[in-house]
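Trainee: Just my_file-v5.cif, nothing more (mmCIF, C-alpha atoms and all ligand atoms):
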```cif
data_query
loop_
_atom_site.label_atom_id
_atom_site.label_comp_id
_atom_site.auth_asym_id
_atom_site.auth_seq_id
_atom_site.Cartn_x
_atom_site.Cartn_y
_atom_site.Cartn_z
CA MET A 1 0.00 0.00 0.00
CA LYS A 2 2.74 2.38 0.96
CA ALA A 3 4.21 2.03 -2.54
CA LEU A 4 1.00 3.25 -4.16
CA PRO A 5 0.50 6.94 -4.77
CA ALA A 6 -1.97 8.39 -2.29
CA PRO A 7 -4.88 9.03 -4.71
CA CYS A 8 -4.66 5.45 -5.92
CA SER A 9 -4.74 3.93 -2.43
CA SER A 10 -7.65 6.18 -1.65
CA TRP A 11 -9.47 4.97 -4.76
CA ILE A 12 -8.84 1.32 -3.82
CA LEU A 13 -10.21 1.90 -0.31
CA TRP A 14 -13.26 3.66 -1.78
CA ALA A 15 -13.83 0.69 -4.13
CA VAL A 16 -13.46 -1.81 -1.27
CA PHE A 17 -15.89 0.11 0.98
CA SER A 18 -18.34 0.47 -1.89
CA CYS A 19 -18.24 -3.26 -2.60
CA PHE A 20 -19.00 -4.10 1.01
CA GLY A 21 -21.77 -1.54 1.08
CA SER A 22 -20.21 0.29 4.00
CA VAL A 23 -22.35 2.95 5.66
CA SER A 24 -19.44 5.35 5.35
CA GLY A 25 -19.51 5.06 1.56
CA GLY A 26 -16.75 7.11 0.06
CA GLN A 27 -16.32 9.38 3.05
CA PRO A 28 -12.63 10.02 3.76
CA VAL A 29 -13.36 10.58 7.47
CA THR A 30 -15.73 8.44 9.51
CA VAL A 31 -17.17 9.44 12.84
CA GLU A 32 -19.75 8.20 15.30
CA LYS A 33 -22.37 10.80 14.37
CA LEU A 34 -24.43 10.67 17.57
CA VAL A 35 -22.71 10.40 20.93
CA PHE A 36 -24.45 10.46 24.31
CA ALA A 37 -22.85 10.66 27.74
CA ARG A 38 -23.84 11.58 31.25
CA THR A 39 -22.37 14.47 33.19
CA GLY A 40 -19.19 13.38 35.00
CA GLU A 41 -18.67 10.31 32.84
CA PRO A 42 -15.79 9.75 30.41
CA THR A 43 -16.62 9.64 26.72
CA GLU A 44 -14.90 9.09 23.39
CA LEU A 45 -15.49 11.10 20.24
CA THR A 46 -14.52 8.77 17.41
CA CYS A 47 -12.89 10.04 14.21
CA ASP A 48 -11.16 7.65 11.78
CA TYR A 49 -9.48 8.41 8.47
CA ARG A 50 -7.94 6.27 5.72
CA THR A 51 -5.38 8.59 4.20
CA GLN A 52 -1.64 8.08 4.70
CA PRO A 53 -0.31 11.16 6.50
CA GLY A 54 2.27 12.92 4.37
CA PRO A 55 4.05 16.24 4.71
CA GLY A 56 1.77 19.01 5.96
CA PHE A 57 -0.74 16.54 7.51
CA THR A 58 -2.92 18.19 10.18
CA VAL A 59 -5.76 17.22 12.51
CA GLU A 60 -8.15 19.78 13.98
CA TRP A 61 -11.08 19.37 16.39
CA ARG A 62 -13.57 22.22 16.64
CA HIS A 63 -16.60 22.59 18.91
CA ALA A 64 -19.82 24.57 18.40
CA ALA A 65 -21.75 24.71 21.66
CA MET A 66 -25.40 23.70 21.76
CA GLY A 67 -27.49 26.25 19.90
CA THR A 68 -24.63 27.89 18.02
CA PRO A 69 -24.06 27.34 14.28
CA ALA A 70 -21.27 25.10 13.02
CA ILE A 71 -19.55 28.11 11.45
CA GLU A 72 -18.93 29.48 14.96
CA ALA A 73 -17.16 26.32 16.06
CA ARG A 74 -14.03 27.06 18.12
CA ARG A 75 -10.80 25.11 18.02
CA VAL A 76 -10.29 22.51 20.73
CA LEU A 77 -7.20 20.67 19.44
CA TYR A 78 -4.67 21.07 16.65
CA TYR A 79 -1.99 18.65 15.42
CA ASN A 80 0.70 19.54 12.89
CA GLY A 81 3.48 17.24 14.10
CA LYS A 82 2.84 18.44 17.63
CA VAL A 83 -0.37 18.33 19.68
CA TYR A 84 -1.94 21.62 20.86
CA TRP A 85 -4.98 21.71 23.12
CA VAL A 86 -6.66 25.06 23.71
CA GLU A 87 -6.19 26.23 27.25
CA SER A 88 -9.73 25.49 28.44
CA TRP A 89 -9.33 21.86 27.27
CA GLU A 90 -5.91 21.18 28.70
CA ASN A 91 -6.01 18.18 31.07
CA ARG A 92 -9.65 17.55 30.12
CA GLY A 93 -8.91 14.97 27.48
CA VAL A 94 -6.35 13.00 25.43
CA LEU A 95 -5.89 11.77 21.90
CA VAL A 96 -6.73 8.06 21.78
CA GLN A 97 -3.77 7.66 19.40
CA ASN A 98 -0.89 10.00 20.03
CA PRO A 99 0.45 11.14 17.64
CA PRO A 100 -2.74 10.73 15.56
CA VAL A 101 -1.07 9.48 12.43
CA GLN A 102 -2.23 5.84 12.20
CA GLY A 103 -5.83 6.32 11.05
CA SER A 104 -7.39 7.61 14.26
CA ALA A 105 -7.88 11.19 15.45
CA SER A 106 -10.37 10.15 18.17
CA ILE A 107 -10.33 12.04 21.46
CA ARG A 108 -11.33 10.93 24.92
CA ILE A 109 -12.89 13.33 27.42
CA PHE A 110 -12.22 12.32 31.04
CA SER A 111 -15.25 13.88 32.66
CA VAL A 112 -18.11 15.28 30.63
CA GLN A 113 -19.53 18.70 31.49
CA PRO A 114 -22.96 19.95 30.35
CA SER A 115 -21.18 22.70 28.37
CA ASP A 116 -19.39 20.02 26.29
CA ALA A 117 -22.64 19.28 24.44
CA GLY A 118 -22.97 20.41 20.83
CA LEU A 119 -21.41 19.80 17.48
CA TYR A 120 -17.80 18.61 17.07
CA ILE A 121 -15.94 18.78 13.78
CA CYS A 122 -12.96 16.51 13.23
CA ASP A 123 -11.01 17.95 10.30
CA ILE A 124 -8.33 15.88 8.54
CA THR A 125 -6.06 17.65 6.06
CA ASN A 126 -3.51 15.76 4.00
CA PRO A 127 -2.00 17.92 1.19
CA ASN A 128 -0.71 14.72 -0.46
CA ASP A 129 -4.27 13.34 -0.68
CA TRP A 130 -7.10 15.83 -0.91
CA ALA A 131 -9.60 13.07 -1.60
CA GLY A 132 -8.64 11.49 1.72
CA SER A 133 -9.03 14.80 3.53
CA GLY A 134 -12.21 16.20 4.97
CA PRO A 135 -14.37 16.84 8.00
CA GLY A 136 -16.43 14.53 10.17
CA LEU A 137 -19.35 15.85 12.22
CA VAL A 138 -20.22 14.54 15.67
CA ASN A 139 -23.44 15.52 17.47
CA PHE A 140 -22.66 15.18 21.16
CA THR A 141 -25.49 15.15 23.71
CA VAL A 142 -24.85 15.39 27.43
CA LEU A 143 -27.57 13.47 29.23
CA MET A 144 -29.00 14.98 32.38
CA PRO A 145 -31.55 13.66 34.85
CA PRO A 146 -34.40 16.18 35.35
CA SER A 147 -33.67 19.04 37.71
CA THR A 148 -36.22 19.50 40.53
CA PRO A 149 -39.37 20.71 38.78
CA THR A 150 -41.43 23.73 39.77
CA CYS A 151 -45.12 23.18 40.48
CA SER A 152 -47.66 26.00 40.10
CA VAL A 153 -51.41 26.63 39.91
CA ASN A 154 -52.99 28.63 37.11
CA GLY A 155 -56.47 29.86 38.07
CA GLU A 156 -58.76 30.33 41.07
CA ALA A 157 -59.56 27.20 43.04
CA TYR A 158 -63.24 27.71 43.77
CA PRO A 159 -66.07 25.27 43.08
CA GLY A 160 -67.26 24.95 39.49
CA ASN A 161 -64.12 26.58 38.09
CA ASP A 162 -61.43 25.05 35.83
CA ILE A 163 -57.76 25.37 36.79
CA THR A 164 -54.43 24.14 35.42
CA LEU A 165 -51.62 22.70 37.50
CA MET A 166 -48.23 23.30 35.87
CA CYS A 167 -44.98 21.39 36.28
CA LEU A 168 -41.64 22.28 34.72
CA SER A 169 -38.12 20.88 35.04
CA SER A 170 -35.70 23.43 33.57
CA HIS A 171 -32.86 20.96 32.83
CA ALA A 172 -33.42 17.46 31.51
CA VAL A 173 -31.85 15.63 28.55
CA PRO A 174 -33.60 13.84 26.98
CA ALA A 175 -36.83 15.81 27.50
CA PRO A 176 -38.67 14.53 30.58
CA THR A 177 -42.08 12.91 30.91
CA TYR A 178 -44.36 14.52 33.50
CA THR A 179 -46.83 12.50 35.53
CA TRP A 180 -49.25 13.82 38.14
CA SER A 181 -50.53 11.82 41.09
CA ARG A 182 -52.58 12.34 44.26
CA GLU A 183 -52.36 10.87 47.75
CA LYS A 184 -53.05 7.17 47.93
CA ASN A 185 -56.16 7.64 50.09
CA ALA A 186 -57.54 10.51 47.98
CA ILE A 187 -61.17 10.37 46.83
CA GLN A 188 -61.49 9.08 43.26
CA LEU A 189 -62.24 11.94 40.88
CA PRO A 190 -64.15 11.68 37.60
CA LEU A 191 -61.51 11.04 34.92
CA GLN A 192 -63.20 13.29 32.36
CA ASN A 193 -62.56 16.19 34.77
CA MET A 194 -58.77 15.70 34.62
CA VAL A 195 -56.64 16.18 31.51
CA GLU A 196 -52.93 15.46 31.81
CA ASP A 197 -50.28 16.38 29.24
CA GLN A 198 -47.16 14.31 29.90
CA GLN A 199 -45.05 16.35 27.46
CA THR A 200 -45.81 19.84 28.80
CA GLY A 201 -46.46 18.86 32.42
CA SER A 202 -49.92 20.46 32.64
CA LEU A 203 -52.89 18.95 34.47
CA ILE A 204 -56.25 20.57 33.75
CA LEU A 205 -58.87 20.12 36.48
CA ARG A 206 -62.42 20.82 35.31
CA ASN A 207 -65.50 21.84 37.31
CA LEU A 208 -63.80 21.88 40.70
CA SER A 209 -65.56 20.63 43.80
CA ALA A 210 -64.48 19.89 47.38
CA PRO A 211 -63.15 16.35 46.60
CA PHE A 212 -60.50 17.93 44.35
CA SER A 213 -58.81 19.39 47.43
CA GLY A 214 -55.56 17.74 48.45
CA THR A 215 -51.91 17.31 47.53
CA TYR A 216 -50.90 16.82 43.91
CA THR A 217 -47.43 15.48 43.10
CA CYS A 218 -45.69 15.95 39.75
CA ARG A 219 -42.83 13.67 38.76
CA ALA A 220 -40.48 14.68 35.94
CA SER A 221 -38.51 11.69 34.69
CA ASN A 222 -36.28 10.55 31.84
CA GLU A 223 -33.92 7.61 31.27
CA LEU A 224 -31.47 9.02 33.80
CA GLY A 225 -33.71 9.70 36.74
CA GLY A 226 -36.59 11.66 38.18
CA ALA A 227 -37.49 14.52 40.51
CA ILE A 228 -40.75 15.69 42.07
CA CYS A 229 -42.60 18.77 43.26
CA THR A 230 -45.96 19.06 45.02
CA VAL A 231 -48.81 21.53 45.12
CA VAL A 232 -51.61 21.70 47.69
CA LEU A 233 -55.04 22.50 46.32
CA SER A 234 -57.86 23.78 48.53
CA VAL A 235 -61.19 24.10 46.75
CA SER A 236 -63.30 26.54 48.75
CA TYR A 237 -65.29 29.75 48.59
CA ASN A 238 -62.50 31.31 50.60
CA SER A 239 -60.89 32.78 47.51
CA SER A 240 -60.98 36.49 46.81
CA ALA A 241 -63.41 35.95 43.94
CA MET A 242 -65.84 34.29 46.31
CA VAL A 243 -65.36 37.00 48.94
CA ALA A 244 -66.24 39.54 46.25
CA GLY A 245 -69.23 37.41 45.23
CA ILE A 246 -70.45 37.21 48.81
CA ALA A 247 -69.96 40.96 49.24
CA VAL A 248 -72.15 41.55 46.18
CA ILE A 249 -74.84 39.24 47.57
CA VAL A 250 -74.69 40.86 51.01
CA THR A 251 -74.94 44.33 49.47
CA PHE A 252 -77.91 43.19 47.40
CA VAL A 253 -79.66 41.78 50.47
CA ILE A 254 -79.01 44.98 52.44
CA LEU A 255 -80.38 47.07 49.57
CA LEU A 256 -83.38 44.79 49.36
CA LEU A 257 -83.99 45.15 53.13
CA LEU A 258 -83.57 48.92 52.91
CA GLY A 259 -86.03 48.98 50.04
CA ALA A 260 -88.50 46.91 52.01
CA VAL A 261 -88.12 49.12 55.07
CA MET A 262 -88.55 52.27 52.97
CA GLY A 263 -91.51 50.78 51.14
CA TYR A 264 -93.12 49.86 54.41
CA PHE A 265 -92.32 53.28 55.84
CA LEU A 266 -93.87 55.04 52.84
CA TRP A 267 -96.88 52.80 52.94
CA TYR A 268 -97.20 53.36 56.68
CA LYS A 269 -96.83 57.10 56.21
CA LYS A 270 -99.44 57.12 53.47
CA ARG A 271 -101.81 55.06 55.57
CA ASN A 272 -101.08 57.27 58.56
CA ARG A 273 -101.78 60.39 56.53
CA LYS A 274 -105.07 58.88 55.42
CA SER A 275 -106.07 58.05 58.95
CA THR A 276 -104.88 61.48 60.10
CA GLU A 277 -107.00 63.02 57.39
CA GLU A 278 -109.86 60.93 58.71
CA GLY A 279 -109.03 62.22 62.15
CA HIS A 280 -108.93 65.74 60.76
CA ASN A 281 -112.30 65.54 59.17
CA PRO A 282 -114.17 66.24 62.35
CA ARG A 283 -111.78 69.05 63.23
CA ASP A 284 -112.26 70.73 59.92
CA PRO A 285 -115.17 73.03 60.45
CA ARG A 286 -116.25 72.83 56.83
CA GLU A 287 -116.08 69.09 56.74
CA SER A 288 -117.78 68.64 60.04
CA ALA A 289 -120.42 71.01 58.82
CA SER A 290 -120.97 68.97 55.73
CA ALA A 291 -120.63 65.70 57.58
CA THR A 292 -122.90 66.38 60.44
CA PRO A 293 -126.11 66.46 58.57
CA LEU A 294 -125.61 62.89 57.36
CA THR A 295 -125.30 61.27 60.70
CA ARG A 296 -126.31 63.55 63.41
CA SER A 297 -129.78 63.94 64.49
CA PRO A 298 -130.43 67.61 64.54
CA GLY A 299 -130.10 69.16 67.91
CA ASP A 300 -128.31 66.18 69.39
CA ARG A 301 -125.09 68.06 69.84
CA PRO A 302 -124.16 71.65 69.28
CA PRO A 303 -121.75 72.27 66.37
CA HIS A 304 -119.13 73.88 68.64
CA HIS A 305 -118.51 70.49 70.26
CA SER A 306 -116.80 69.34 67.13
CA GLY A 307 -113.39 69.70 68.92
CA ASP A 308 -114.09 66.36 70.56
CA GLY A 309 -112.74 63.82 68.04
CA GLU A 310 -114.34 60.81 69.67
CA ASP A 311 -117.74 62.13 69.04
CA HIS A 312 -117.09 62.15 65.32
CA LEU A 313 -115.56 58.68 64.83
CA ILE A 314 -118.96 57.23 64.21
CA PRO A 315 -120.06 59.96 61.82
CA THR A 316 -116.87 59.68 59.69
CA LYS A 317 -117.05 55.91 59.21
CA PRO A 318 -119.19 56.09 56.11
CA SER A 319 -116.54 58.29 54.46
CA ILE A 320 -113.99 55.46 54.80
CA LEU A 321 -116.32 53.08 53.07
CA VAL A 322 -116.78 55.57 50.24
C1 LIG B 1 -28.18 16.53 17.77
O1 LIG B 1 -28.96 15.44 18.27
C2 LIG B 1 -30.07 15.83 19.04
C3 LIG B 1 -30.69 14.59 19.62
O2 LIG B 1 -30.60 13.48 18.79
C4 LIG B 1 -31.00 16.64 18.16
O3 LIG B 1 -32.11 17.04 18.90
C5 LIG B 1 -30.27 17.86 17.62
O4 LIG B 1 -31.08 18.57 16.74
C6 LIG B 1 -29.00 17.44 16.90
N1 LIG B 1 -28.25 18.65 16.60
C7 LIG B 1 -27.64 18.83 15.43
C8 LIG B 1 -26.90 20.10 15.29
O5 LIG B 1 -27.71 18.01 14.54
C1 LIG B 2 -70.12 20.35 37.81
O1 LIG B 2 -70.20 19.57 38.98
C2 LIG B 2 -71.45 19.56 39.61
C3 LIG B 2 -71.33 18.72 40.86
O2 LIG B 2 -70.20 19.04 41.58
C4 LIG B 2 -72.51 18.99 38.68
O3 LIG B 2 -73.78 19.05 39.29
C5 LIG B 2 -72.51 19.80 37.39
O4 LIG B 2 -73.41 19.24 36.48
C6 LIG B 2 -71.13 19.84 36.80
N1 LIG B 2 -71.13 20.72 35.63
C7 LIG B 2 -70.58 20.39 34.49
C8 LIG B 2 -70.66 21.40 33.42
O5 LIG B 2 -70.05 19.32 34.32
#
```
If you convert what's in this file into structure tokens, what do you get?
Mentor:
Amino acid sequence: MKALPAPCSSWILWAVFSCFGSVSGGQPVTVEKLVFARTGEPTELTCDYRTQPGPGFTVEWRHAAMGTPAIEARRVLYYNGKVYWVESWENRGVLVQNPPVQGSASIRIFSVQPSDAGLYICDITNPNDWAGSGPGLVNFTVLMPPSTPTCSVNGEAYPGNDITLMCLSSHAVPAPTYTWSREKNAIQLPLQNMVEDQQTGSLILRNLSAPFSGTYTCRASNELGGAICTVVLSVSYNSSAMVAGIAVIVTFVILLLLGAVMGYFLWYKKRNRKSTEEGHNPRDPRESASATPLTRSPGDRPPHHSGDGEDHLIPTKPSILV
């Protein structure tokens, strides 16, 4: 092989890989495209090449942190006959093959940090063999068990209302599954009144009533672990909305009572005025004058005695009937 010119050996390798239907096809650089590791664990980022290093051969590893484009990838390691690690990576990893001139440019990280996640580019450059040169891209995911989630209540917990319980774990890779549960001895609730979303962590409670009261526990979990948070729900009229509602009712009742009292008072006053008018009749000289002939036998009592009300109660009675 060594006797063959570089392009030729490259072509032979390409032909061989093609014949065997290799996944790598004609790629000059092969990598493990998806790598997963937990925080604190060691991991290896594989990068293999088939070219024979000649003069000017270099290896470069670059890293683009999660969420940043590949073009912003920053150098981690450089080899041009000598190995250079950037300062922040010194003592954090090693080349699996050192010097990396026998087909492997793989690196091993001793202890993975969450910030190590992202895209890695392994770049092989061999001026003697451009066909055997090229980049390999590694998508590195740092797995994390869910961080302690935060539980919250969205809405007013009074009877008949709908509310949403929320649960969120800020850090979890892969994305966590959320499950809600109640105390073991809790009263069974109608299932159609509870809607759980295991992806978002929400639990909708419909048409609240007293049996909904109690402790709700949310568990966020993924392949690496789980964490919980709890929320205590108390379904009662004790909420501010209900206090306001009661205030409105009380005000209404007071107004109603006031109205009734005033109505009665007015009615009483009117009736009183009527009866006073009746009482006045005898005292009114004109009225007594007109009234007397109807009831009084002439000469029974002198007209000047009209000041005595009692005497005229009988005579005025017919006027009430009229
Ligand atoms: C890397 O892999 C993860 C999980 O498989 C995926 O969600 C993400 O989009 C990938 N990132 C890139 C840059 O390909
Ligand atoms: C709400 O619950 C009450 C009993 O707590 C029931 O009488 C009523 O029909 C329910 N309303 C709806 C819309 O489901």
Trainee: Using 7 Å as the limit and counting all atoms listed in the file, can you tabulate each residue of chain A that touches ligand LIG 1 (chain B), with its shortest atom-to-atom distance in Å and the two atoms involved, as a tab-separated table?
Mentor:
```
residue	atom	partner	partner_atom	distance
A:Leu34	CA	B:LIG1	O1	6.6
A:Gly118	CA	B:LIG1	C8	6.8
A:Leu119	CA	B:LIG1	C8	5.9
A:Asn139	CA	B:LIG1	C1	4.9
A:Phe140	CA	B:LIG1	C1	6.6
A:Thr141	CA	B:LIG1	O1	6.5
```
Trainee: Quick one: contact table of chain A to ligand LIG 2 (chain B), 12 Å max, nearest atom pair and distance in Å to one decimal per residue, counting only C-alpha atoms and all ligand atoms, chain and number order, as JSON lines?
Mentor:
```
{"residue": "A:Tyr158", "atom": "CA", "partner": "B:LIG2", "partner_atom": "O2", "distance": 11.3}
{"residue": "A:Pro159", "atom": "CA", "partner": "B:LIG2", "partner_atom": "O2", "distance": 7.6}
{"residue": "A:Gly160", "atom": "CA", "partner": "B:LIG2", "partner_atom": "C1", "distance": 5.7}
{"residue": "A:Asn161", "atom": "CA", "partner": "B:LIG2", "partner_atom": "C1", "distance": 8.7}
{"residue": "A:Asp162", "atom": "CA", "partner": "B:LIG2", "partner_atom": "C1", "distance": 10.1}
{"residue": "A:Leu189", "atom": "CA", "partner": "B:LIG2", "partner_atom": "O2", "distance": 10.7}
{"residue": "A:Pro190", "atom": "CA", "partner": "B:LIG2", "partner_atom": "O1", "distance": 10.0}
{"residue": "A:Leu191", "atom": "CA", "partner": "B:LIG2", "partner_atom": "O5", "distance": 11.9}
{"residue": "A:Gln192", "atom": "CA", "partner": "B:LIG2", "partner_atom": "O5", "distance": 9.3}
{"residue": "A:Asn193", "atom": "CA", "partner": "B:LIG2", "partner_atom": "O5", "distance": 8.1}
{"residue": "A:Met194", "atom": "CA", "partner": "B:LIG2", "partner_atom": "O5", "distance": 11.9}
{"residue": "A:Leu205", "atom": "CA", "partner": "B:LIG2", "partner_atom": "C1", "distance": 11.3}
{"residue": "A:Arg206", "atom": "CA", "partner": "B:LIG2", "partner_atom": "O5", "distance": 7.8}
{"residue": "A:Asn207", "atom": "CA", "partner": "B:LIG2", "partner_atom": "C1", "distance": 4.9}
{"residue": "A:Leu208", "atom": "CA", "partner": "B:LIG2", "partner_atom": "O1", "distance": 7.0}
{"residue": "A:Ser209", "atom": "CA", "partner": "B:LIG2", "partner_atom": "O2", "distance": 5.4}
{"residue": "A:Ala210", "atom": "CA", "partner": "B:LIG2", "partner_atom": "O2", "distance": 8.2}
{"residue": "A:Pro211", "atom": "CA", "partner": "B:LIG2", "partner_atom": "O2", "distance": 9.1}
{"residue": "A:Phe212", "atom": "CA", "partner": "B:LIG2", "partner_atom": "O2", "distance": 10.1}
{"residue": "A:Val235", "atom": "CA", "partner": "B:LIG2", "partner_atom": "O2", "distance": 11.6}
```
Trainee: Find the residue from A:Thr43, A:Leu143, A:Asp129, A:Cys151 that sits nearest to Val94 (chain A); use all atoms listed in the file when measuring.
Mentor: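 The shortest atom-to-atom distance to Val94 (chain A) comes from A:Thr43.
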Trainee: Determine, counting all atoms listed in the file, every residue of protein, DNA or RNA that lies within 10 Å of (-26.1, 16.6, 31.7) in the file coordinates, then give the result as a compact mmCIF listing (two decimals) with C-alpha atoms, keeping the file's coordinate frame.
Mentor:
```txt
# COMPACT_ATOMS: atom_id res chain seq x y z
CA PHE A 36 -24.45 10.46 24.31
CA ALA A 37 -22.85 10.66 27.74
CA ARG A 38 -23.84 11.58 31.25
CA THR A 39 -22.37 14.47 33.19
CA GLY A 40 -19.19 13.38 35.00
CA GLU A 41 -18.67 10.31 32.84
CA VAL A 112 -18.11 15.28 30.63
CA GLN A 113 -19.53 18.70 31.49
CA PRO A 114 -22.96 19.95 30.35
CA SER A 115 -21.18 22.70 28.37
CA ASP A 116 -19.39 20.02 26.29
CA ALA A 117 -22.64 19.28 24.44
CA THR A 141 -25.49 15.15 23.71
CA VAL A 142 -24.85 15.39 27.43
CA LEU A 143 -27.57 13.47 29.23
CA MET A 144 -29.00 14.98 32.38
CA PRO A 145 -31.55 13.66 34.85
CA PRO A 146 -34.40 16.18 35.35
CA SER A 147 -33.67 19.04 37.71
CA HIS A 171 -32.86 20.96 32.83
CA ALA A 172 -33.42 17.46 31.51
CA VAL A 173 -31.85 15.63 28.55
CA PRO A 174 -33.60 13.84 26.98
CA LEU A 224 -31.47 9.02 33.80
```
Trainee: Between A:Thr230, A:Asn272, A:Thr58, A:Ser221, which one has atoms that come closest to Thr150 (chain A), using all atoms listed in the file?
Mentor: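 Nearest to Thr150 (chain A): A:Thr230.
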Trainee: Rounded to one decimal in Å, what is the spacing between CA of Tyr120 (chain A) and CA of Thr51 (chain A)?
Mentor: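 CA of Thr51 (chain A) lies 20.5 Å from CA of Tyr120 (chain A).
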Trainee: In Å, rounded to a single decimal, give me how far CA of Pro69 (chain A) is from CA of Ser169 (chain A).
Mentor: 25.9 Å
Trainee: Would you work out the distance separating CA of Thr217 (chain A) from CA of Ser170 (chain A), expressed in Å to one decimal?
Mentor: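 Taking CA of Thr217 (chain A) and CA of Ser170 (chain A), their separation equals 17.1 Å.
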Trainee: Select all residues near (-16.5, 28.8, 14.4) (cut-off 12 Å, inclusive, file coordinates), counting only C-alpha atoms, and output them as an mmCIF file with C-alpha atoms, in the coordinates of the input.
Mentor:
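Once written, point-v3.cif looks like this:
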```
data_model
loop_
_atom_site.group_PDB
_atom_site.id
_atom_site.type_symbol
_atom_site.label_atom_id
_atom_site.label_comp_id
_atom_site.auth_asym_id
_atom_site.auth_seq_id
_atom_site.Cartn_x
_atom_site.Cartn_y
_atom_site.Cartn_z
ATOM 1 C CA TRP A 61 -11.080 19.370 16.390
ATOM 2 C CA ARG A 62 -13.570 22.220 16.640
ATOM 3 C CA HIS A 63 -16.600 22.590 18.910
ATOM 4 C CA ALA A 64 -19.820 24.570 18.400
ATOM 5 C CA ALA A 65 -21.750 24.710 21.660
ATOM 6 C CA THR A 68 -24.630 27.890 18.020
ATOM 7 C CA PRO A 69 -24.060 27.340 14.280
ATOM 8 C CA ALA A 70 -21.270 25.100 13.020
ATOM 9 C CA ILE A 71 -19.550 28.110 11.450
ATOM 10 C CA GLU A 72 -18.930 29.480 14.960
ATOM 11 C CA ALA A 73 -17.160 26.320 16.060
ATOM 12 C CA ARG A 74 -14.030 27.060 18.120
ATOM 13 C CA ARG A 75 -10.800 25.110 18.020
ATOM 14 C CA VAL A 76 -10.290 22.510 20.730
ATOM 15 C CA LEU A 119 -21.410 19.800 17.480
ATOM 16 C CA TYR A 120 -17.800 18.610 17.070
ATOM 17 C CA ILE A 121 -15.940 18.780 13.780
#
```
Trainee: Counting only C-alpha atoms, what is within 8 Å of Ser104 (chain A), bar same-chain residues fewer than 6 positions away, as a ChimeraX atom specification?
Mentor: /A:46-49,96-97
